[in-house]
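Following: one structure in structure tokens, then a few remarks.
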Protein chains: 12
Amino acid sequence: MFSVLVIHGPNLNLLGAREPEVYGSMTLDDIDRSLVEMGRGLGLREVKTLQSNHEGVLIDALHEARGWAGGVVINPGGLTHTSVALRDAISAIRIPVVEVHLSNVYAREAFRHTSMISAVCVGKISGFGWRSYLLGLQALVDVMND
Amino acid sequence: MFSVLVIHGPNLNLLGAREPEVYGSMTLDDIDRSLVEMGRGLGLREVKTLQSNHEGVLIDALHEARGWAGGVVINPGGLTHTSVALRDAISAIRIPVVEVHLSNVYAREAFRHTSMISAVCVGKISGFGWRSYLLGLQALVDVMND
Amino acid sequence: MFSVLVIHGPNLNLLGAREPEVYGSMTLDDIDRSLVEMGRGLGLREVKTLQSNHEGVLIDALHEARGWAGGVVINPGGLTHTSVALRDAISAIRIPVVEVHLSNVYAREAFRHTSMISAVCVGKISGFGWRSYLLGLQALVDVMND
Amino acid sequence: MFSVLVIHGPNLNLLGAREPEVYGSMTLDDIDRSLVEMGRGLGLREVKTLQSNHEGVLIDALHEARGWAGGVVINPGGLTHTSVALRDAISAIRIPVVEVHLSNVYAREAFRHTSMISAVCVGKISGFGWRSYLLGLQALVDVMND
Amino acid sequence: MFSVLVIHGPNLNLLGAREPEVYGSMTLDDIDRSLVEMGRGLGLREVKTLQSNHEGVLIDALHEARGWAGGVVINPGGLTHTSVALRDAISAIRIPVVEVHLSNVYAREAFRHTSMISAVCVGKISGFGWRSYLLGLQALVDVMND
Amino acid sequence: MFSVLVIHGPNLNLLGAREPEVYGSMTLDDIDRSLVEMGRGLGLREVKTLQSNHEGVLIDALHEARGWAGGVVINPGGLTHTSVALRDAISAIRIPVVEVHLSNVYAREAFRHTSMISAVCVGKISGFGWRSYLLGLQALVDVMND
Amino acid sequence: MFSVLVIHGPNLNLLGAREPEVYGSMTLDDIDRSLVEMGRGLGLREVKTLQSNHEGVLIDALHEARGWAGGVVINPGGLTHTSVALRDAISAIRIPVVEVHLSNVYAREAFRHTSMISAVCVGKISGFGWRSYLLGLQALVDVMND
Amino acid sequence: MFSVLVIHGPNLNLLGAREPEVYGSMTLDDIDRSLVEMGRGLGLREVKTLQSNHEGVLIDALHEARGWAGGVVINPGGLTHTSVALRDAISAIRIPVVEVHLSNVYAREAFRHTSMISAVCVGKISGFGWRSYLLGLQALVDVMND
Amino acid sequence: MFSVLVIHGPNLNLLGAREPEVYGSMTLDDIDRSLVEMGRGLGLREVKTLQSNHEGVLIDALHEARGWAGGVVINPGGLTHTSVALRDAISAIRIPVVEVHLSNVYAREAFRHTSMISAVCVGKISGFGWRSYLLGLQALVDVMND
Amino acid sequence: MFSVLVIHGPNLNLLGAREPEVYGSMTLDDIDRSLVEMGRGLGLREVKTLQSNHEGVLIDALHEARGWAGGVVINPGGLTHTSVALRDAISAIRIPVVEVHLSNVYAREAFRHTSMISAVCVGKISGFGWRSYLLGLQALVDVMND
Amino acid sequence: MFSVLVIHGPNLNLLGAREPEVYGSMTLDDIDRSLVEMGRGLGLREVKTLQSNHEGVLIDALHEARGWAGGVVINPGGLTHTSVALRDAISAIRIPVVEVHLSNVYAREAFRHTSMISAVCVGKISGFGWRSYLLGLQALVDVMND
Amino acid sequence: MFSVLVIHGPNLNLLGAREPEVYGSMTLDDIDRSLVEMGRGLGLREVKTLQSNHEGVLIDALHEARGWAGGVVINPGGLTHTSVALRDAISAIRIPVVEVHLSNVYAREAFRHTSMISAVCVGKISGFGWRSYLLGLQALVDVMND
């Protein structure tokens, strides 16, 4: 039985509260609840979620996850495209990490087409809105079970 | 009730038959069977699959899909990184298309980090082996149901 | 008296059938008929047209045109930006080839600003919708008459 | 009934007088006469032509054309590849502008492959010598009639 | 009546205390006092100022500003050139943000010529020392009053 | 007591007369009147304004300004991104020059993100419409008074 | 005893028939006969040759070669510089492939200096006209014998 | 008598605890103890060490070091390649800073070959594992003594 | 007996009047007098000089030089790095043109390292102050005498 | 009857003596002996070989070869990618030169994918170990016999 | 007991004799004496030093060092940024090599930020003047002792 | 009274002996004699000339010139575009160096448009054949006399 950490990066706390016509009316709490519920259905011991706008907090959480989690689902927000430190953290903890994005980053500005972390993650899911998280959790569980 | 087309691009016919230690012992037929079975479970009318090493055949199939399919899952293989014609076909048919890849393309050669088709697909899933297809089908059905 | 081959590349078969508000209600058949009729008016022996989504078919047709056509009008669609093989075919057949495009490619994505074939064509016409073909045929006949 | 302005940019005044083996023996006056005559045949009220080696004069003329012309045919010569000011002028006057070039710019130096103005013109015709102008006028009239 | 948040990014706390011959003897406190005073003159309800060397703190402050401020003046220091997360925060809060810089960044190293946030700010003022802040506050008030 | 020259580059003569929904109904004359009036309020001896679509005229005016003006506010329009000659003129006259832009150039095409003149100006203000000029004049007066 | 497949890519069918002053009077049939004859001299069981202008046909042939050939000599023509799909096919079949070119590609256009397939071939021979094929066959036999 | 601050950036807290076969069994505590001991041997008043995964904490510490330290040894981890804010902090504090790295960054991914901070440090030492720190301290003391 | 045109581009009219410590106390008039005098010594029929800040004036002068001059010495100032129109003028007039620069452009900003005109001039002399002109005239006369 | 010079560039003297598992146990002497023997079989008058780690020595040898050799086989080692001087020497001597490489340079670091000399050589052979030399000699003799 | 070779590349013979205010009054002989003395203190059998302005001499010396030295300290001067041949020599000799530089190359011209040899050296020390050598020797001895 | 060193880089020894239709029938000896003679006319104590294909020899000669020459004229041939070591030598010797080239390097391959040494030379003369040397000597003497 695995536990899983789900990490939401900068600005994702605003989900649902802003631009519902674009991002839908799902708040981050709604997504977290769906993930916890889905985790139960998949037989996970625990799904913990964390949101922070501080890169350092995300890195600290990744480090700690080594002690209790079998894998991580991460949406690093804007840090995706810039943070070598986050990449190094993912690479260092040696547990499978799945990268997810709400939007189709490839249909947006060019600087969003590059990800500093994809190369050190197991895989990547983008473009399916809040469902990217659920698909990511499903994928992670499959990987952990292998 | 939707029907779905699953397209496998160049060289994917060799799956399973080559390098089982890398790609596993699943053949393309095995994957296709899983997709058909999963489609049934998801309440789809039909899941048709197609593999070709010919760009033109893939484009023809995308065009025809307008007449009978509600969406497409596509792994364009090496054409992912080069084919504007495939991109234009996806863009033209106006039904949702999900891009999937077996491997984590971002951990491979730099020319694989670019996709000509991502910007015109709904979303993208990569790195989870044959399960990328199943996740892609699941994601597509969610999109079609919206 | 010259004969002329008009080649339509990938996805142009969908013309008229899709997005009439963008591309107008002219189908590819309509355009072909206009070309044939205009050819008659210009005193051409024959105007043959061909559409294919297969790069190889287009190259084969260019090769065969050496035997019967005095010149070629080509809209290579998405292959414009990527196909060295098509360029080599145009260069090899040693009859004048005119490049045409329906849309103003320079007002679209950056990858459409590059053409692999312009340097080996006589000239280029873009942005005038279906009339680009007629202008191209007119230009080709003038070139052949020189 | 429309009037049309035809603009010739820097160095085009030398046409015909220099290198007749390359550019033919047509002078700019010859071309202008052909355009005026063709304009009559196309039912235009007036075809005015202007040549200048001064970017500012070309911009002034574009501005004034708003008051009397239904469209513009322009061959900006070397300014094609460098002038943002010319681009802004074309974009500002809100009447259709057609870009023409005598030579096949894509078969020449790399810096000639870029046009600052193509994105704000209706369309572009290049490579057919003095006939590029006539094709451009024909195309412009079709656009104005739409 | 509007309130305004003024944000000073990394290293700006050292102002005045270091290199007075370069940056003048104005400390950040002096600037903040000038801004508060000017805000009173402009009829603002409140001008709050914040300095932090932590990207996360700046993002948190931007988020909270949605609740009480009508606009933001920001000098993101070195984060200007690198932080997609900060850009996303500015873009998300949907209140006008004005970017200011003490120095003429275009006369310094090439990496300072790029700003990740300019495209999502209303406007930008740079090169006028501490007066850039006052000009920025003036400009913001004008924008808020529109 | 200082005098100031305000220079408007190519195409700015069209302000107000075109696209009032975008640029507002202020004409260049309106802006010039505001500047003259503001100059009076700031205790300037004189504010002269000049618009030209000719690069050479702008350079000549900059040269002459050495004889009578204490500083310059300039909006070089499209020349901003291309003119080394203008840059050299600003650099040569050795009086403070402030660069202003109506629009947020960083939210437009990539070629507008580069300025040939920023490095030799005192500072830069962009994105605040006609108010960019007033802010620029204010900033220039502060600089001249230092 | 090995068998060998020799693949000729797009446009090589025109060899000999066109521009004999450049490419010599050797047709592709002549080259194929030389290869077959040389194969006999080298003790090969069989030398099969294939020309196609269709990328898909070349990939299919490479796949089939796994079943009967000990190695491949390939001149992919214009596909050399663009086809990831061809590269993946060569990489997948796990038998030695030798890349040959008639002309010295490095003395031609810049886009011909890049090869998508060189990194997955054993070696490369270019510039020796039809003899590049014979040298390639010799080299391949040596590699297969190792 | 000088005091020295040694700063360890993101992920360096994991040293020794992970991949001992790669990084050796030295923990960060071991390294810190060696540095303190070496500092004593070199006649330093004090060697303080700090590790944080938070960029802001590192910047704060650099600022404070102005008050008590004669120099700094820093290994900024992944921030090396991205942080302009860190660079500005080093540049601002005006005491000598020595950059050290455990691994040979030039034998790793291309994005590690660039350092945002090298230009504002005194010097750089990389590739000698934990000994890079000791060499860095030695070098710093020599610089401070000059 | 040849006549020669010497062209000074934008901003060179300020020579001598500004920054004598950098450019010396030679004015453009002084240089012109030296050139005329040297021309006499070299047996030239006439040396005419022209300075303008208007690109169009320089192009017009080049065109006219075809009628009376055997060669041209040109210092295009800032237009050197940007003007395709000037390049085309030099290329069109078919008389030898020598490019000169006062300063060592290669020791200045990177954008000054590129010249649009060097490829169509006979040769280039830079870095010797006002003597670059005299050396250029000497070189031109040698070329004309060949 | 022709004579041939075979040139081995920097570091090739270490062949065989180092890393036999990679480069085989053939020393440079062994290769030279094979070349001399093969030369005899091909009816050459003489095959002289030269190895040097000094670029100047290689250039001197190329110059002297004009006097006695009908062609050259050269493996310039690391100079391949950097030496314009070597390129100029090959270009100047006007006898056919064949470029050979032991390894498949295209499967190694990116800087090895560029050759300064390929454009001025007749052809290129790479990837076949010591046999690249023998194939190169064979190819050169064919070229000299043409 | 190890012996060590210290290599000084082009122009380092001028040390001390030129610009003592920049490089100090230490001559290369002084540095060499310090290295020899330090070597004795570190228990080395011998420290040999070599300076040459000839790339080939440096490569020869590296090759010979395989026979007698346990490691190398090298400052390749300007060859650092350009010499693939030197890189290959270092890579081939399979003994540890430490790269040192007197100046902080990252605070100088951009072309000095790239090193062809860093990736094949053990580590790198730059910016500490003549002390870079001593630190390099210390580091090398530690590496050899491991 | 000054002495001058004239340096000819790689391949210039072949001058006159090869391609007289291109480079004229002047040999390097002829040029050297002209330079010596011109030096006498200019009142120089001595003009020494040196040609070598060895970079190291050129650097050694530059170093020695510090002892006896007042300035240097150098044509570094192919080393112009690649040699940082040569640049450093010129920069170190602190006597004026003039760069000359026979051909118009800007009308040749792109890699010849870059010079590693121009920024550290006084000035540059190119395109005037053997007269470039004489012009260079004239220019150098003027510089030395200043």
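In the structure tokens, chains take the letters A, B, ... in the order shown, each chain's residues start at 1, and ligands count up from 1 in the order shown.
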request  = From a DSSP calculation on the backbone, collect every residue of chain H in helix (DSSP H, G or I) and output the set as a PyMOL selection string.
outcome  = chain H and resi 12-14+20-23+28-41+55-68+77-81+84-93+105-107+110-112+118-120+131-145
Contact table chain J vs chain L, cut-off 6 Å, shortest pair per residue, only C-alpha atoms, as a tab-separated table:
```
residue	atom	partner	partner_atom	distance
J:Gly56	CA	L:His54	CA	4.1
J:Val84	CA	L:Gly78	CA	4.8
J:Ala85	CA	L:Gly78	CA	4.3
J:Ala89	CA	L:Asn11	CA	6.0
```
As a PDB file with C-alpha atoms, in the first residue's frame, please: chain F after a least-squares superposition onto chain K using all C-alpha atoms matched in order.
```
ATOM      1  CA  MET F   1      54.723   8.849  -5.037  1.00  0.00           C
ATOM      2  CA  PHE F   2      53.378  10.737  -8.035  1.00  0.00           C
ATOM      3  CA  SER F   3      54.970  13.082 -10.534  1.00  0.00           C
ATOM      4  CA  VAL F   4      52.985  15.976 -12.016  1.00  0.00           C
ATOM      5  CA  LEU F   5      53.180  17.941 -15.267  1.00  0.00           C
ATOM      6  CA  VAL F   6      52.113  21.593 -15.247  1.00  0.00           C
ATOM      7  CA  ILE F   7      51.352  23.022 -18.692  1.00  0.00           C
ATOM      8  CA  HIS F   8      51.128  26.716 -19.551  1.00  0.00           C
ATOM      9  CA  GLY F   9      49.579  27.506 -22.925  1.00  0.00           C
ATOM     10  CA  PRO F  10      50.049  30.401 -25.353  1.00  0.00           C
ATOM     11  CA  ASN F  11      51.060  33.858 -24.133  1.00  0.00           C
ATOM     12  CA  LEU F  12      51.618  32.807 -20.519  1.00  0.00           C
ATOM     13  CA  ASN F  13      55.376  33.295 -21.025  1.00  0.00           C
ATOM     14  CA  LEU F  14      54.652  37.033 -20.905  1.00  0.00           C
ATOM     15  CA  LEU F  15      53.383  36.872 -17.302  1.00  0.00           C
ATOM     16  CA  GLY F  16      54.955  39.387 -14.961  1.00  0.00           C
ATOM     17  CA  ALA F  17      56.838  41.039 -17.754  1.00  0.00           C
ATOM     18  CA  ARG F  18      53.712  42.790 -18.926  1.00  0.00           C
ATOM     19  CA  GLU F  19      51.035  44.786 -17.150  1.00  0.00           C
ATOM     20  CA  PRO F  20      52.223  44.111 -13.608  1.00  0.00           C
ATOM     21  CA  GLU F  21      49.430  46.370 -12.304  1.00  0.00           C
ATOM     22  CA  VAL F  22      46.965  43.841 -13.701  1.00  0.00           C
ATOM     23  CA  TYR F  23      48.642  40.468 -13.400  1.00  0.00           C
ATOM     24  CA  GLY F  24      51.006  41.220 -10.528  1.00  0.00           C
ATOM     25  CA  SER F  25      54.785  41.057 -10.618  1.00  0.00           C
ATOM     26  CA  MET F  26      54.957  37.255 -10.451  1.00  0.00           C
ATOM     27  CA  THR F  27      56.677  35.895 -13.555  1.00  0.00           C
ATOM     28  CA  LEU F  28      56.020  32.437 -14.927  1.00  0.00           C
ATOM     29  CA  ASP F  29      59.333  31.386 -13.424  1.00  0.00           C
ATOM     30  CA  ASP F  30      58.166  32.554 -10.004  1.00  0.00           C
ATOM     31  CA  ILE F  31      54.980  30.494 -10.395  1.00  0.00           C
ATOM     32  CA  ASP F  32      56.915  27.462 -11.551  1.00  0.00           C
ATOM     33  CA  ARG F  33      59.232  27.726  -8.536  1.00  0.00           C
ATOM     34  CA  SER F  34      56.227  27.945  -6.195  1.00  0.00           C
ATOM     35  CA  LEU F  35      54.732  24.857  -7.792  1.00  0.00           C
ATOM     36  CA  VAL F  36      57.922  22.850  -7.504  1.00  0.00           C
ATOM     37  CA  GLU F  37      58.296  23.886  -3.876  1.00  0.00           C
ATOM     38  CA  MET F  38      54.684  23.069  -3.088  1.00  0.00           C
ATOM     39  CA  GLY F  39      55.089  19.732  -4.851  1.00  0.00           C
ATOM     40  CA  ARG F  40      57.906  18.924  -2.488  1.00  0.00           C
ATOM     41  CA  GLY F  41      55.746  19.781   0.482  1.00  0.00           C
ATOM     42  CA  LEU F  42      52.986  17.534  -0.868  1.00  0.00           C
ATOM     43  CA  GLY F  43      55.371  14.604  -1.210  1.00  0.00           C
ATOM     44  CA  LEU F  44      55.435  14.510  -5.006  1.00  0.00           C
ATOM     45  CA  ARG F  45      58.357  12.870  -6.721  1.00  0.00           C
ATOM     46  CA  GLU F  46      58.610  15.640  -9.295  1.00  0.00           C
ATOM     47  CA  VAL F  47      56.774  18.682 -10.696  1.00  0.00           C
ATOM     48  CA  LYS F  48      57.774  19.473 -14.255  1.00  0.00           C
ATOM     49  CA  THR F  49      56.540  22.627 -15.976  1.00  0.00           C
ATOM     50  CA  LEU F  50      56.242  23.508 -19.647  1.00  0.00           C
ATOM     51  CA  GLN F  51      55.186  26.619 -21.531  1.00  0.00           C
ATOM     52  CA  SER F  52      54.624  26.778 -25.257  1.00  0.00           C
ATOM     53  CA  ASN F  53      52.761  28.909 -27.748  1.00  0.00           C
ATOM     54  CA  HIS F  54      52.440  25.856 -30.037  1.00  0.00           C
ATOM     55  CA  GLU F  55      49.338  23.673 -29.702  1.00  0.00           C
ATOM     56  CA  GLY F  56      51.260  20.712 -31.079  1.00  0.00           C
ATOM     57  CA  VAL F  57      53.927  20.986 -28.402  1.00  0.00           C
ATOM     58  CA  LEU F  58      51.271  20.948 -25.702  1.00  0.00           C
ATOM     59  CA  ILE F  59      49.657  17.847 -27.194  1.00  0.00           C
ATOM     60  CA  ASP F  60      52.991  16.082 -27.538  1.00  0.00           C
ATOM     61  CA  ALA F  61      53.737  16.852 -23.889  1.00  0.00           C
ATOM     62  CA  LEU F  62      50.371  15.490 -22.772  1.00  0.00           C
ATOM     63  CA  HIS F  63      51.022  12.272 -24.691  1.00  0.00           C
ATOM     64  CA  GLU F  64      54.450  11.842 -23.123  1.00  0.00           C
ATOM     65  CA  ALA F  65      53.071  12.515 -19.662  1.00  0.00           C
ATOM     66  CA  ARG F  66      51.333   9.141 -19.837  1.00  0.00           C
ATOM     67  CA  GLY F  67      54.749   7.567 -19.331  1.00  0.00           C
ATOM     68  CA  TRP F  68      55.883   9.396 -16.219  1.00  0.00           C
ATOM     69  CA  ALA F  69      53.210  11.616 -14.645  1.00  0.00           C
ATOM     70  CA  GLY F  70      50.314  10.736 -12.375  1.00  0.00           C
ATOM     71  CA  GLY F  71      48.365  13.835 -13.331  1.00  0.00           C
ATOM     72  CA  VAL F  72      48.427  17.199 -15.105  1.00  0.00           C
ATOM     73  CA  VAL F  73      47.603  20.799 -14.228  1.00  0.00           C
ATOM     74  CA  ILE F  74      46.894  22.796 -17.375  1.00  0.00           C
ATOM     75  CA  ASN F  75      46.172  26.428 -18.208  1.00  0.00           C
ATOM     76  CA  PRO F  76      45.652  26.259 -21.964  1.00  0.00           C
ATOM     77  CA  GLY F  77      45.309  30.041 -22.381  1.00  0.00           C
ATOM     78  CA  GLY F  78      43.399  31.002 -25.516  1.00  0.00           C
ATOM     79  CA  LEU F  79      43.344  27.381 -26.740  1.00  0.00           C
ATOM     80  CA  THR F  80      40.856  26.675 -23.939  1.00  0.00           C
ATOM     81  CA  HIS F  81      38.029  28.010 -26.017  1.00  0.00           C
ATOM     82  CA  THR F  82      38.865  26.532 -29.396  1.00  0.00           C
ATOM     83  CA  SER F  83      40.997  23.385 -29.394  1.00  0.00           C
ATOM     84  CA  VAL F  84      39.260  20.078 -29.978  1.00  0.00           C
ATOM     85  CA  ALA F  85      42.686  18.524 -30.544  1.00  0.00           C
ATOM     86  CA  LEU F  86      43.755  19.461 -27.026  1.00  0.00           C
ATOM     87  CA  ARG F  87      40.516  18.061 -25.653  1.00  0.00           C
ATOM     88  CA  ASP F  88      41.077  14.792 -27.439  1.00  0.00           C
ATOM     89  CA  ALA F  89      44.626  14.606 -26.084  1.00  0.00           C
ATOM     90  CA  ILE F  90      43.414  15.085 -22.503  1.00  0.00           C
ATOM     91  CA  SER F  91      40.676  12.547 -23.018  1.00  0.00           C
ATOM     92  CA  ALA F  92      43.084  10.020 -24.528  1.00  0.00           C
ATOM     93  CA  ILE F  93      45.816   9.988 -21.902  1.00  0.00           C
ATOM     94  CA  ARG F  94      43.564   8.708 -19.173  1.00  0.00           C
ATOM     95  CA  ILE F  95      45.298  10.409 -16.251  1.00  0.00           C
ATOM     96  CA  PRO F  96      43.579  13.124 -14.219  1.00  0.00           C
ATOM     97  CA  VAL F  97      43.892  16.659 -15.608  1.00  0.00           C
ATOM     98  CA  VAL F  98      42.938  19.827 -13.696  1.00  0.00           C
ATOM     99  CA  GLU F  99      42.081  23.007 -15.639  1.00  0.00           C
ATOM    100  CA  VAL F 100      43.189  26.333 -14.146  1.00  0.00           C
ATOM    101  CA  HIS F 101      42.856  29.974 -15.199  1.00  0.00           C
ATOM    102  CA  LEU F 102      44.433  33.085 -13.747  1.00  0.00           C
ATOM    103  CA  SER F 103      41.534  35.396 -14.443  1.00  0.00           C
ATOM    104  CA  ASN F 104      37.791  35.049 -13.893  1.00  0.00           C
ATOM    105  CA  VAL F 105      36.999  34.117 -17.474  1.00  0.00           C
ATOM    106  CA  TYR F 106      33.272  34.548 -16.826  1.00  0.00           C
ATOM    107  CA  ALA F 107      33.752  38.271 -16.239  1.00  0.00           C
ATOM    108  CA  ARG F 108      35.377  38.722 -19.655  1.00  0.00           C
ATOM    109  CA  GLU F 109      34.302  38.414 -23.323  1.00  0.00           C
ATOM    110  CA  ALA F 110      31.548  35.875 -24.108  1.00  0.00           C
ATOM    111  CA  PHE F 111      33.842  33.642 -26.175  1.00  0.00           C
ATOM    112  CA  ARG F 112      35.865  32.997 -23.015  1.00  0.00           C
ATOM    113  CA  HIS F 113      32.837  31.496 -21.231  1.00  0.00           C
ATOM    114  CA  THR F 114      33.117  28.304 -23.255  1.00  0.00           C
ATOM    115  CA  SER F 115      35.803  25.714 -22.605  1.00  0.00           C
ATOM    116  CA  MET F 116      36.462  22.859 -24.994  1.00  0.00           C
ATOM    117  CA  ILE F 117      38.333  20.930 -22.298  1.00  0.00           C
ATOM    118  CA  SER F 118      36.322  21.269 -19.082  1.00  0.00           C
ATOM    119  CA  ALA F 119      34.150  18.256 -19.839  1.00  0.00           C
ATOM    120  CA  VAL F 120      37.170  15.927 -20.012  1.00  0.00           C
ATOM    121  CA  CYS F 121      39.057  17.384 -17.048  1.00  0.00           C
ATOM    122  CA  VAL F 122      38.493  16.336 -13.452  1.00  0.00           C
ATOM    123  CA  GLY F 123      37.717  19.846 -12.308  1.00  0.00           C
ATOM    124  CA  LYS F 124      38.359  23.529 -12.908  1.00  0.00           C
ATOM    125  CA  ILE F 125      39.700  26.455 -10.892  1.00  0.00           C
ATOM    126  CA  SER F 126      39.597  30.025 -12.168  1.00  0.00           C
ATOM    127  CA  GLY F 127      39.943  33.593 -10.982  1.00  0.00           C
ATOM    128  CA  PHE F 128      42.544  33.391  -8.219  1.00  0.00           C
ATOM    129  CA  GLY F 129      45.578  34.641 -10.176  1.00  0.00           C
ATOM    130  CA  TRP F 130      48.791  32.644  -9.740  1.00  0.00           C
ATOM    131  CA  ARG F 131      47.145  30.942  -6.772  1.00  0.00           C
ATOM    132  CA  SER F 132      44.850  29.110  -9.196  1.00  0.00           C
ATOM    133  CA  TYR F 133      47.875  26.965 -10.037  1.00  0.00           C
ATOM    134  CA  LEU F 134      48.626  26.132  -6.412  1.00  0.00           C
ATOM    135  CA  LEU F 135      44.988  25.306  -5.706  1.00  0.00           C
ATOM    136  CA  GLY F 136      44.993  23.184  -8.845  1.00  0.00           C
ATOM    137  CA  LEU F 137      48.053  21.258  -7.757  1.00  0.00           C
ATOM    138  CA  GLN F 138      46.539  20.702  -4.318  1.00  0.00           C
ATOM    139  CA  ALA F 139      43.308  19.456  -5.923  1.00  0.00           C
ATOM    140  CA  LEU F 140      45.146  17.178  -8.323  1.00  0.00           C
ATOM    141  CA  VAL F 141      47.146  15.568  -5.532  1.00  0.00           C
ATOM    142  CA  ASP F 142      43.935  14.886  -3.620  1.00  0.00           C
ATOM    143  CA  VAL F 143      42.411  13.291  -6.723  1.00  0.00           C
ATOM    144  CA  MET F 144      45.502  11.164  -7.382  1.00  0.00           C
ATOM    145  CA  ASN F 145      45.506  10.000  -3.785  1.00  0.00           C
ATOM    146  CA  ASP F 146      41.888   8.797  -3.981  1.00  0.00           C
TER     147      ASP F 146
END
```
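DSSP, applied to the backbone of this structure, assigns strand (DSSP E) to the following residues of segment 70-128 of chain B: B:Gly71, B:Val72, B:Val73, B:Ile74, B:Asn75, B:Val97, B:Val98, B:Glu99, B:Val100, B:His101, B:Gly123, B:Lys124, B:Ile125, B:Ser126.
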Would you mind exporting the chosen residues as an mmCIF file, in the first residue's frame, restricted to C-alpha atoms?
```
data_model
loop_
_atom_site.group_PDB
_atom_site.id
_atom_site.type_symbol
_atom_site.label_atom_id
_atom_site.label_comp_id
_atom_site.auth_asym_id
_atom_site.auth_seq_id
_atom_site.Cartn_x
_atom_site.Cartn_y
_atom_site.Cartn_z
ATOM 1 C CA GLY B 71 -12.521 11.664 -31.264
ATOM 2 C CA VAL B 72 -9.023 10.324 -31.972
ATOM 3 C CA VAL B 73 -6.104 9.017 -29.938
ATOM 4 C CA ILE B 74 -2.881 9.317 -31.911
ATOM 5 C CA ASN B 75 0.728 8.302 -31.410
ATOM 6 C CA VAL B 97 -7.541 14.505 -30.753
ATOM 7 C CA VAL B 98 -5.356 13.275 -27.870
ATOM 8 C CA GLU B 99 -1.591 12.838 -28.425
ATOM 9 C CA VAL B 100 0.105 9.912 -26.689
ATOM 10 C CA HIS B 101 3.676 8.612 -26.537
ATOM 11 C CA GLY B 123 -3.906 17.306 -24.586
ATOM 12 C CA LYS B 124 -0.874 15.073 -24.407
ATOM 13 C CA ILE B 125 0.187 12.038 -22.397
ATOM 14 C CA SER B 126 3.705 10.614 -22.543
#
```
